Each structure stands twice: as structure tokens, then as C-alpha cells.
Amino acid sequence: MATSEATPAEPVLYEAHKKIYPRDVSGYFTRLRVISLVTLLGIYYITPLLQWDGRQAILFDLPARKFYLFGLTLWPQDFIYLAALLILAGLALFFFTAILGRVWCGYACPQTVWTEAYLWMERKIEGNHNQRKKLDKAPTSAAKIRTKALKHTVWIAFSLWTGFTFVAYFTPIDVLAEELLNLNLGPWETFWILFYSFATYGNAGFMREQVCKYMCPYARFQSAMFDSDTLIVAYHPERGEQRGSRRRGVEPATVGLGDCIDCNVCVQVCPTGIDIRDGLQYECIACSACIDACDNIMDKMSYPRGLIRYTTENSAIGKGQKILRPRIMVYAAILLLLSGSLITHVAQRVALDLDVIRDRNTLYRETPEGLIENVYTLKILNMDSKPHRYSLSAEGIDGLKLVSDQAEIEVEAGSVFEMVVRLQADEYNLEARSVEVNFHLQAQDSNHLNASREARFVGPGSS
Amino acid sequence: MPSLIPDGIPRSQQAISVLWPSFIVAIIASGVFFSAFDPRDLIPFNLDIDISPVAAYSIGFLLFWLLASLSSFGTLYFTISNCRFLNKQRD
Ligand code: SF4
Ligand code: SF4
């Protein structure tokens, strides 16, 4: 669809991608960030290894259609909880964005987490930003090929590990590991491991900040959650300008300059390649690298820190920051309400379900004793992580009798039990051709575990 | 006057704008769909197909992705061709 004939003379909105070589940085926020990134990576890779009650603690068991979350087993019926959880996560993102700005981007987004991990490997293998740039510009040589090959091997190995871990959220990791060692991974498992590995390799190794710039929906609409009291990374132009170079130890005022020495370090460290001194830009992922970088320069110049700093629009113009503002309180209220109701619902969730299907082949039958009989198939779903024994009863008609071949109803943990029962009633007690009856199932070892389901009882009809 | 839509959007970004939103839609669609339906109950015409659940979910997801991609592709195609048409009219 892109045409060869149409080469617009106007400036193109999409500039050609220039590879960014972020310079290394150290400092308070960088440390904070590394702690956050390493913790999150750790959680991702370790979670599938956790065990609970003899099974994987967190597992989307697709074949069995169950989701294990530590002690909780969720069934497709419980989809609503998962949906609520996702909505909650979205709201939490709104809430934190309104207060803290794009902390998510800088400290927690998987795109950032893996990009930083891949950058770290790149740095270890190819050296600092200048060495990396030089290597890319250098003509092909045996040494260059060796370094590049090493980097990609390490990257690919890490990607494969990532893909493997991803699939281990859906197929138990011990099964997966065994299949892998015996080289008999299923075709779809193989497909998804490779798919996810490739996505990681591409996104963290090559696409990097372009994902934030061109693909991230959050980056596009986060500004809607911002207000003048939202935390942002900002340069202090009144203090910094007129920028310009000077010798160390020179008092800026004496040479008619501001505090910015125009060393460009803040631009060099920026993983998205922007200049924070141009003001707030949507490319800025608030990674705070430029804060640390500039603070280090200020220290060297013996100027006070904070020429680039975390601030809010209001405090930048001397208005002081307000944390509790209407929008925050509304987000907080909705958040509390929703999480409260989710928690109560999950806590009160009855891990038992009863389904009643009336036999469709015969409307009713008469027993030798002259009673009217209806046949039902009951499906009992024990969603608990323990086996239970249940007692079954039925009511709705005077003298209603429940007959079953099954003396005992015992259902294994997390399984469905099917049984056929018959209801018998005296025709005199039937008030209509079709009467509502109610089945009631009660666990013998827990009052809280019970389920009811209504059904129709059909008779010959009053005449 | 600048053209309405940059014809110069690189191919790779066009591909992303088709494949990426549809990927997200496919995740949501398969999540909702497969919560409601067990793939084992869905084999059409009582065909005797022996298919593993993982395969069924995977194929389901890929089909959703394909469908959503077609829609994204349509949007991109019409946007670009309409803008090209308007640009030509204006010239
Ligand atoms: S401008 Fe600063 S905070 Fe924003 S992305 Fe660049 S380095 Fe990070
Ligand atoms: S790091 Fe600080 S001093 Fe250096 S150019 Fe950036 S704002 Fe100016």
C-alpha cells in the first residue's frame, strides 16, 4: 500500500528511526529503578516454580479449564472475578498515574523491564555507549562478528528462557521441563515458546523505545490522567538558562549564565533520545535517568542539585503540590469500593455448583404404587480444593420423595459428578400440570457450602 | 499544504498498526469466548476430531487474531486510500 510514486515533499510525520545508545548513569533513582526492575524480573521467572498443595501455585490450566491462584481455584464460571481484577488493575493505573505520573513506564512496564535487561547484557558485552556506537559503525571484522554473535546468543538464550517461563504459566513447569529434556514438546507449546521468545527478543533488543512511541496505548492517553499536580520529570528553565559552557568553579551569575552547563549528558542518558530541557514530551517515560545524570553534573560543578527533578506543574510555578484533589478522591473511592466488593465476593464465594437437567424423553411416569415420577440428571461441581460429601434434598410438593441409586454423594476436589435422581409425588398434591420444585445440596462438613437449583415437576395435570 | 496522511509511513509501522491492535483484541476475544465455551463442546457437525485443548485454544486465538487483523487492515487501507484521494482532489 505504501506507494513508490508518492514521495511527499512535505515533512514526513514519521522520521526514520535512529538507533539510540543510552549512556550509563548512576545515582539514587537509578538504584531505585534497578531494584524495581530486578524484583519484577525475579517475580516473573520464579512464580511458575512456586508450589502450593502439591501443585503449581499459579497456573492457568487450560486443558482442565481451571485457574489456580494459591489456595483458590477459579473456574470458567468465575470469569467475572478475573474481569473485575483486570478492571481494578486499570483503575489502579489511573490512580497512580494521576498522582505519580508515568512511574509505571519508568519502573514497572514489562517493555521497560526487559529493555533494561537487554541493555544491561549489551553493555556487558559491547561496552559503554561510545564503544557500542563505534562497534556499530566499524567495518565488518572477525572481532565485530564475534562480539555481535556473542550478544545475540546471550539475548536469544534469555529470550528462550523467557518464552519457556511464559508457557509454564499455562502448562505445569515440571511437565514442560520434562518434555523439553526428552525432546518431545508438543507442537503448540513449541510454537508459543518460540513466539513469545521472538516477541521478547524483538521488543527488548530492537524495538525498545519505539514500542513506547508508536505502539503503547497507555503512552497515548496517559496525558488525560495528568493534571497540574501530577508528578513529572522536569527541567527548571529559570534556573538553568541561559545555558552555556564555563570552567568548573565559575559562579554562573558572574558570566551571565544559568546553571545548565550545556554538557548534553541528560540527552545522552535518555533511553528515548529526547531533550528534557525542551519541556514535557510524550516520549518521556519518566525513567529519571536525566535527573541522576544532571545531579552528578551539578555535584561536579558544586551547584545545588535538582536542575532536573521530579516536580509538578504547580510546584514548579511555586504553588505547592496538592495530593488530595477531587480526581484523586474519585479514583480512590471507586478503587476502594470495587476492591472491597471483589474481596467480599471472593471470600463468600461458594465452591459448589449444582445443575439440574430434566429428562426430556419422558414427561413423567407412573410408578407401580401409583405415584407420578420425574427423572432428572444432576451435575454437581465441587470447585473446592478438598473432596466433600453432600446430602441432597428436594421440596416444593407435599410428600415429595427423592429416590436415587446413589446412597452417598461424594465428589472429588475440583471435579464434576453426575447422577440420576427421581422425584415421586402423589397426583393429589400436584396443584398444576407443572410445578416448581427445588433441589438443595448441602455439604456435610461445612454449613457454608450449599447450593440450590429449581426445576419443573410435570404431572398429568389437574382435571 | 501538508498531505492529510503521511504516505511515507514505513511499511513496518503499517504492519504494526494492523497486527498489534488486533493482537490485543484477539486476547480479549479469546478470553471472553473461551470462558463461555469449552472447545471440546464446539467441534462442529459431530466430526470426530481428536484435538488437544491447547491446540484448540491456540487455533482459536490465531483465528481471532486473523479476523481482527482483517478489520484493522480494512481500516488502514481505506484511511490511506481516502486520504490519497482527498489530497489529489485538493491539488
Ligand atoms: S527525559 Fe529523562 S525521564 Fe524522560 S525518558 Fe528521557 S531520561 Fe527518562
Ligand atoms: S545534564 Fe544538566 S547540566 Fe547537563 S545539559 Fe542536561 S540539564 Fe544541562
# chains A, B, ... in the order shown; residues from 1 in each chain; ligands from 1
>>> select_by_dssp(residues="segment 112-170 of chain A", states="alpha helix (DSSP H)", output="VMD selection string")
chain A and resid 112 to 126 129 to 137 142 to 167
>>> residues_near_ligand(ligand="ligand 2", cutoff="8 Å", atoms="only C-alpha atoms and all ligand atoms", output="JSON, numbers by chain")
{"A": [235, 240, 243, 259, 260, 261, 262, 263, 264, 265, 266, 267, 275, 276, 277, 290, 291, 293, 294, 295, 297, 298, 307, 308]}
>>> write_last_selection(atoms="N, CA and C atoms", output="compact mmCIF listing (two decimals), in the first residue's frame")
# COMPACT_ATOMS: atom_id res chain seq x y z
N TYR A 235 12.76 19.97 33.81
CA TYR A 235 13.94 20.83 33.87
C TYR A 235 13.47 22.20 34.36
N GLY A 240 18.18 27.18 34.93
CA GLY A 240 19.16 26.64 34.00
C GLY A 240 19.60 27.62 32.92
N ARG A 243 21.74 28.77 29.20
CA ARG A 243 22.68 27.66 29.30
C ARG A 243 23.98 28.00 28.57
N ASP A 259 22.39 27.80 35.45
CA ASP A 259 23.13 26.68 35.99
C ASP A 259 23.40 25.57 34.98
N CYS A 260 22.71 25.56 33.85
CA CYS A 260 22.93 24.48 32.89
C CYS A 260 24.21 24.73 32.11
N ILE A 261 25.12 23.75 32.20
CA ILE A 261 26.40 23.94 31.53
C ILE A 261 26.38 23.41 30.10
N ASP A 262 25.20 23.00 29.66
CA ASP A 262 25.01 22.54 28.29
C ASP A 262 25.96 21.40 27.93
N CYS A 263 26.10 20.45 28.87
CA CYS A 263 27.00 19.33 28.60
C CYS A 263 26.30 18.21 27.85
N ASN A 264 24.98 18.29 27.74
CA ASN A 264 24.19 17.31 27.00
C ASN A 264 24.14 15.92 27.61
N VAL A 265 24.62 15.78 28.84
CA VAL A 265 24.60 14.45 29.46
C VAL A 265 23.16 13.97 29.63
N CYS A 266 22.25 14.89 29.96
CA CYS A 266 20.85 14.47 30.16
C CYS A 266 20.27 13.91 28.87
N VAL A 267 20.71 14.41 27.74
CA VAL A 267 20.21 13.89 26.47
C VAL A 267 20.84 12.52 26.18
N ASP A 275 15.32 15.55 24.63
CA ASP A 275 15.97 16.55 25.46
C ASP A 275 14.92 17.10 26.41
N ILE A 276 15.06 16.76 27.68
CA ILE A 276 14.05 17.14 28.68
C ILE A 276 13.99 18.66 28.82
N ARG A 277 15.05 19.35 28.40
CA ARG A 277 15.06 20.81 28.52
C ARG A 277 14.07 21.48 27.57
N CYS A 290 17.73 11.17 33.52
CA CYS A 290 18.30 12.50 33.34
C CYS A 290 18.43 13.24 34.68
N ILE A 291 17.58 12.86 35.66
CA ILE A 291 17.70 13.51 36.98
C ILE A 291 19.04 13.14 37.60
N ALA A 293 21.64 11.93 36.12
CA ALA A 293 22.76 12.41 35.30
C ALA A 293 23.05 13.87 35.62
N CYS A 294 22.01 14.68 35.68
CA CYS A 294 22.22 16.11 35.90
C CYS A 294 22.69 16.37 37.33
N ASP A 295 22.14 15.60 38.30
CA ASP A 295 22.60 15.77 39.68
C ASP A 295 24.09 15.52 39.80
N ILE A 297 26.31 16.01 37.50
CA ILE A 297 26.99 17.17 36.92
C ILE A 297 26.98 18.34 37.92
N MET A 298 25.81 18.56 38.52
CA MET A 298 25.69 19.66 39.49
C MET A 298 26.68 19.46 40.64
N LEU A 307 18.42 20.56 39.17
CA LEU A 307 18.11 21.37 37.99
C LEU A 307 17.09 20.61 37.13
N ILE A 308 17.27 19.30 37.07
CA ILE A 308 16.22 18.44 36.54
C ILE A 308 15.71 17.64 37.72
>>> residues_around(residues="segment 68-79 of chain B", least_positions_apart="3", cutoff="10 Å", atoms="only C-alpha atoms", output="list in words")
Met1 and Ala2 of chain A; Leu4, Ile5, Gln14, Ala15, Ser17, Val18, Leu19, Trp20, Pro21, Ser22, Phe23, Ile24, Val25, Ala26, Ala29, Leu62, Leu63, Phe64, Trp65, Asn82, Cys83, Arg84 and Phe85 of chain B
>>> write_last_selection(atoms="N, CA and C atoms", output="PDB file, in the first residue's frame")
ATOM      1  N   MET A   1       0.798  -1.194   0.000  1.00  0.00           N
ATOM      2  CA  MET A   1       0.000   0.000   0.000  1.00  0.00           C
ATOM      3  C   MET A   1       0.846   1.266   0.000  1.00  0.00           C
ATOM      4  N   ALA A   2       1.953   1.177   0.626  1.00  0.00           N
ATOM      5  CA  ALA A   2       2.852   2.326   0.536  1.00  0.00           C
ATOM      6  C   ALA A   2       3.304   2.397  -0.917  1.00  0.00           C
TER       7      ALA A   2
ATOM      8  N   LEU B   4      -2.900  15.001   4.063  1.00  0.00           N
ATOM      9  CA  LEU B   4      -3.722  14.599   5.194  1.00  0.00           C
ATOM     10  C   LEU B   4      -3.106  13.450   5.972  1.00  0.00           C
ATOM     11  N   ILE B   5      -2.587  12.520   5.233  1.00  0.00           N
ATOM     12  CA  ILE B   5      -1.962  11.407   5.944  1.00  0.00           C
ATOM     13  C   ILE B   5      -0.594  11.191   5.359  1.00  0.00           C
ATOM     14  N   GLN B  14       3.134   0.315   9.245  1.00  0.00           N
ATOM     15  CA  GLN B  14       1.814  -0.096   8.765  1.00  0.00           C
ATOM     16  C   GLN B  14       1.496  -1.491   9.254  1.00  0.00           C
ATOM     17  N   ALA B  15       2.486  -2.361   9.166  1.00  0.00           N
ATOM     18  CA  ALA B  15       2.269  -3.736   9.618  1.00  0.00           C
ATOM     19  C   ALA B  15       1.919  -3.751  11.105  1.00  0.00           C
ATOM     20  N   SER B  17       0.542  -1.367  12.841  1.00  0.00           N
ATOM     21  CA  SER B  17      -0.774  -0.812  13.133  1.00  0.00           C
ATOM     22  C   SER B  17      -1.892  -1.765  12.722  1.00  0.00           C
ATOM     23  N   VAL B  18      -1.567  -2.773  11.914  1.00  0.00           N
ATOM     24  CA  VAL B  18      -2.566  -3.801  11.616  1.00  0.00           C
ATOM     25  C   VAL B  18      -2.476  -4.933  12.643  1.00  0.00           C
ATOM     26  N   LEU B  19      -1.270  -5.402  12.879  1.00  0.00           N
ATOM     27  CA  LEU B  19      -1.109  -6.622  13.688  1.00  0.00           C
ATOM     28  C   LEU B  19      -1.230  -6.384  15.190  1.00  0.00           C
ATOM     29  N   TRP B  20      -0.833  -5.216  15.627  1.00  0.00           N
ATOM     30  CA  TRP B  20      -0.745  -5.009  17.068  1.00  0.00           C
ATOM     31  C   TRP B  20      -2.109  -4.782  17.737  1.00  0.00           C
ATOM     32  N   PRO B  21      -2.933  -3.835  17.236  1.00  0.00           N
ATOM     33  CA  PRO B  21      -4.244  -3.692  17.883  1.00  0.00           C
ATOM     34  C   PRO B  21      -5.060  -4.979  17.785  1.00  0.00           C
ATOM     35  N   SER B  22      -4.946  -5.673  16.664  1.00  0.00           N
ATOM     36  CA  SER B  22      -5.738  -6.887  16.512  1.00  0.00           C
ATOM     37  C   SER B  22      -5.241  -7.981  17.455  1.00  0.00           C
ATOM     38  N   PHE B  23      -3.967  -7.927  17.780  1.00  0.00           N
ATOM     39  CA  PHE B  23      -3.422  -8.881  18.744  1.00  0.00           C
ATOM     40  C   PHE B  23      -4.084  -8.679  20.112  1.00  0.00           C
ATOM     41  N   ILE B  24      -4.189  -7.426  20.533  1.00  0.00           N
ATOM     42  CA  ILE B  24      -4.822  -7.128  21.818  1.00  0.00           C
ATOM     43  C   ILE B  24      -6.290  -7.545  21.788  1.00  0.00           C
ATOM     44  N   VAL B  25      -6.964  -7.210  20.667  1.00  0.00           N
ATOM     45  CA  VAL B  25      -8.367  -7.591  20.549  1.00  0.00           C
ATOM     46  C   VAL B  25      -8.513  -9.114  20.611  1.00  0.00           C
ATOM     47  N   ALA B  26      -7.587  -9.818  19.970  1.00  0.00           N
ATOM     48  CA  ALA B  26      -7.670 -11.281  19.960  1.00  0.00           C
ATOM     49  C   ALA B  26      -7.514 -11.854  21.369  1.00  0.00           C
ATOM     50  N   ALA B  29     -10.852 -11.180  23.048  1.00  0.00           N
ATOM     51  CA  ALA B  29     -11.892 -12.022  22.459  1.00  0.00           C
ATOM     52  C   ALA B  29     -11.730 -13.470  22.881  1.00  0.00           C
ATOM     53  N   LEU B  62      -5.511 -17.720  17.230  1.00  0.00           N
ATOM     54  CA  LEU B  62      -4.962 -17.287  15.943  1.00  0.00           C
ATOM     55  C   LEU B  62      -6.082 -16.875  14.982  1.00  0.00           C
ATOM     56  N   LEU B  63      -7.222 -17.586  15.060  1.00  0.00           N
ATOM     57  CA  LEU B  63      -8.346 -17.205  14.204  1.00  0.00           C
ATOM     58  C   LEU B  63      -8.876 -15.825  14.580  1.00  0.00           C
ATOM     59  N   PHE B  64      -9.013 -15.588  15.891  1.00  0.00           N
ATOM     60  CA  PHE B  64      -9.457 -14.255  16.329  1.00  0.00           C
ATOM     61  C   PHE B  64      -8.488 -13.189  15.834  1.00  0.00           C
ATOM     62  N   TRP B  65      -7.212 -13.511  15.921  1.00  0.00           N
ATOM     63  CA  TRP B  65      -6.191 -12.557  15.509  1.00  0.00           C
ATOM     64  C   TRP B  65      -6.322 -12.267  14.010  1.00  0.00           C
ATOM     65  N   ASN B  82      -8.470   6.847   1.013  1.00  0.00           N
ATOM     66  CA  ASN B  82      -9.329   8.031   1.051  1.00  0.00           C
ATOM     67  C   ASN B  82      -8.506   9.307   1.142  1.00  0.00           C
ATOM     68  N   CYS B  83      -7.497   9.279   1.986  1.00  0.00           N
ATOM     69  CA  CYS B  83      -6.693  10.475   2.148  1.00  0.00           C
ATOM     70  C   CYS B  83      -5.935  10.789   0.869  1.00  0.00           C
ATOM     71  N   ARG B  84      -5.513   9.750   0.208  1.00  0.00           N
ATOM     72  CA  ARG B  84      -4.786   9.958  -1.041  1.00  0.00           C
ATOM     73  C   ARG B  84      -5.713  10.611  -2.060  1.00  0.00           C
ATOM     74  N   PHE B  85      -6.961  10.130  -2.043  1.00  0.00           N
ATOM     75  CA  PHE B  85      -7.966  10.673  -2.953  1.00  0.00           C
ATOM     76  C   PHE B  85      -8.220  12.142  -2.636  1.00  0.00           C
TER      77      PHE B  85
END
>>> residues_near_ligand(ligand="ligand 1", cutoff="10 Å", atoms="only C-alpha atoms and all ligand atoms", output="JSON, numbers by chain")
{"A": [22, 25, 102, 103, 105, 106, 209, 232, 233, 234, 235, 265, 266, 267, 268, 269, 270, 271, 272, 273, 274, 275, 276, 277, 278, 279, 280, 281, 282, 283, 284, 285, 286, 287, 288, 289, 290, 291, 292, 293, 294, 308, 309, 310]}
>>> atom_distance(atom1="atom CA of Gln424 of chain A", atom2="atom CA of Glu408 of chain A")
19.5 Å
>>> residues_around(residues="Phe95 of chain A", least_positions_apart="6", cutoff="10 Å", atoms="only C-alpha atoms", output="number ranges by chain")
A: 89, 101, 225, 327-332, 334-335
>>> interface_residues(of="chain B", to="chain A", cutoff="10 Å", atoms="only C-alpha atoms", output="count of residues only")
38
>>> select_by_dssp(residues="segment 349-444 of chain A", states="strand (DSSP E)", output="count of residues only")
56
>>> residues_around(residues="Tyr169 of chain A", least_positions_apart="2", cutoff="8 Å", atoms="only C-alpha atoms", output="mmCIF file with all heavy atoms, in the first residue's frame")
data_model
loop_
_atom_site.group_PDB
_atom_site.id
_atom_site.type_symbol
_atom_site.label_atom_id
_atom_site.label_comp_id
_atom_site.auth_asym_id
_atom_site.auth_seq_id
_atom_site.Cartn_x
_atom_site.Cartn_y
_atom_site.Cartn_z
ATOM 1 N N PRO A 48 6.359 -19.420 38.363
ATOM 2 C CA PRO A 48 5.938 -20.764 37.954
ATOM 3 C C PRO A 48 6.616 -21.879 38.764
ATOM 4 O O PRO A 48 6.175 -23.021 38.724
ATOM 5 C CB PRO A 48 6.353 -20.854 36.480
ATOM 6 C CG PRO A 48 6.573 -19.467 36.049
ATOM 7 C CD PRO A 48 7.005 -18.704 37.255
ATOM 8 N N ILE A 58 0.574 -20.895 40.841
ATOM 9 C CA ILE A 58 -0.186 -20.062 39.905
ATOM 10 C C ILE A 58 -0.142 -20.728 38.541
ATOM 11 O O ILE A 58 0.915 -20.892 37.948
ATOM 12 C CB ILE A 58 0.381 -18.636 39.834
ATOM 13 C CG1 ILE A 58 0.165 -17.950 41.184
ATOM 14 C CG2 ILE A 58 -0.284 -17.853 38.715
ATOM 15 C CD1 ILE A 58 0.619 -16.525 41.225
ATOM 16 N N LEU A 59 -1.290 -21.150 38.072
ATOM 17 C CA LEU A 59 -1.333 -21.896 36.815
ATOM 18 C C LEU A 59 -2.688 -21.703 36.143
ATOM 19 O O LEU A 59 -3.734 -21.895 36.759
ATOM 20 C CB LEU A 59 -1.109 -23.383 37.111
ATOM 21 C CG LEU A 59 -1.140 -24.330 35.916
ATOM 22 C CD1 LEU A 59 0.069 -24.115 35.027
ATOM 23 C CD2 LEU A 59 -1.181 -25.781 36.375
ATOM 24 N N PHE A 60 -2.643 -21.308 34.865
ATOM 25 C CA PHE A 60 -3.860 -21.304 34.058
ATOM 26 C C PHE A 60 -3.915 -22.671 33.405
ATOM 27 O O PHE A 60 -3.313 -22.871 32.359
ATOM 28 C CB PHE A 60 -3.795 -20.251 32.947
ATOM 29 C CG PHE A 60 -4.032 -18.858 33.406
ATOM 30 C CD1 PHE A 60 -2.980 -18.061 33.816
ATOM 31 C CD2 PHE A 60 -5.311 -18.331 33.411
ATOM 32 C CE1 PHE A 60 -3.196 -16.754 34.232
ATOM 33 C CE2 PHE A 60 -5.534 -17.028 33.819
ATOM 34 C CZ PHE A 60 -4.476 -16.244 34.234
ATOM 35 N N THR A 165 9.290 -19.752 30.296
ATOM 36 C CA THR A 165 8.613 -19.369 31.531
ATOM 37 C C THR A 165 7.178 -18.948 31.248
ATOM 38 O O THR A 165 6.259 -19.292 31.985
ATOM 39 C CB THR A 165 9.378 -18.217 32.205
ATOM 40 O OG1 THR A 165 10.724 -18.625 32.363
ATOM 41 C CG2 THR A 165 8.781 -17.875 33.545
ATOM 42 N N PHE A 166 6.994 -18.221 30.151
ATOM 43 C CA PHE A 166 5.636 -17.783 29.803
ATOM 44 C C PHE A 166 4.711 -18.982 29.626
ATOM 45 O O PHE A 166 3.619 -19.027 30.189
ATOM 46 C CB PHE A 166 5.680 -16.945 28.522
ATOM 47 C CG PHE A 166 4.316 -16.590 28.002
ATOM 48 C CD1 PHE A 166 3.552 -15.630 28.644
ATOM 49 C CD2 PHE A 166 3.790 -17.231 26.896
ATOM 50 C CE1 PHE A 166 2.287 -15.308 28.179
ATOM 51 C CE2 PHE A 166 2.524 -16.915 26.425
ATOM 52 C CZ PHE A 166 1.777 -15.952 27.074
ATOM 53 N N VAL A 167 5.152 -19.966 28.856
ATOM 54 C CA VAL A 167 4.296 -21.132 28.618
ATOM 55 C C VAL A 167 4.077 -21.904 29.914
ATOM 56 O O VAL A 167 3.035 -22.532 30.110
ATOM 57 C CB VAL A 167 4.901 -22.008 27.505
ATOM 58 C CG1 VAL A 167 4.116 -23.297 27.327
ATOM 59 C CG2 VAL A 167 4.908 -21.237 26.193
ATOM 60 N N THR A 171 1.142 -24.477 31.159
ATOM 61 C CA THR A 171 1.406 -25.906 31.258
ATOM 62 C C THR A 171 2.339 -26.068 32.445
ATOM 63 O O THR A 171 3.327 -25.343 32.527
ATOM 64 C CB THR A 171 2.113 -26.397 29.981
ATOM 65 O OG1 THR A 171 1.312 -26.067 28.859
ATOM 66 C CG2 THR A 171 2.357 -27.892 30.014
ATOM 67 N N PRO A 172 2.059 -26.979 33.373
ATOM 68 C CA PRO A 172 2.905 -27.089 34.562
ATOM 69 C C PRO A 172 4.379 -27.158 34.196
ATOM 70 O O PRO A 172 4.772 -27.873 33.273
ATOM 71 C CB PRO A 172 2.442 -28.393 35.210
ATOM 72 C CG PRO A 172 1.048 -28.562 34.748
ATOM 73 C CD PRO A 172 0.954 -27.933 33.393
ATOM 74 N N ILE A 173 5.190 -26.413 34.921
ATOM 75 C CA ILE A 173 6.583 -26.246 34.520
ATOM 76 C C ILE A 173 7.357 -27.559 34.590
ATOM 77 O O ILE A 173 8.250 -27.806 33.765
ATOM 78 C CB ILE A 173 7.271 -25.137 35.352
ATOM 79 C CG1 ILE A 173 8.573 -24.696 34.691
ATOM 80 C CG2 ILE A 173 7.484 -25.572 36.791
ATOM 81 C CD1 ILE A 173 9.098 -23.378 35.160
#
>>> residues_around(residues="Val420 of chain A", least_positions_apart="4", cutoff="8 Å", atoms="only C-alpha atoms", output="list in words")
Val375, Tyr376, Thr377, Leu378, Ser404 and Asp405 of chain A
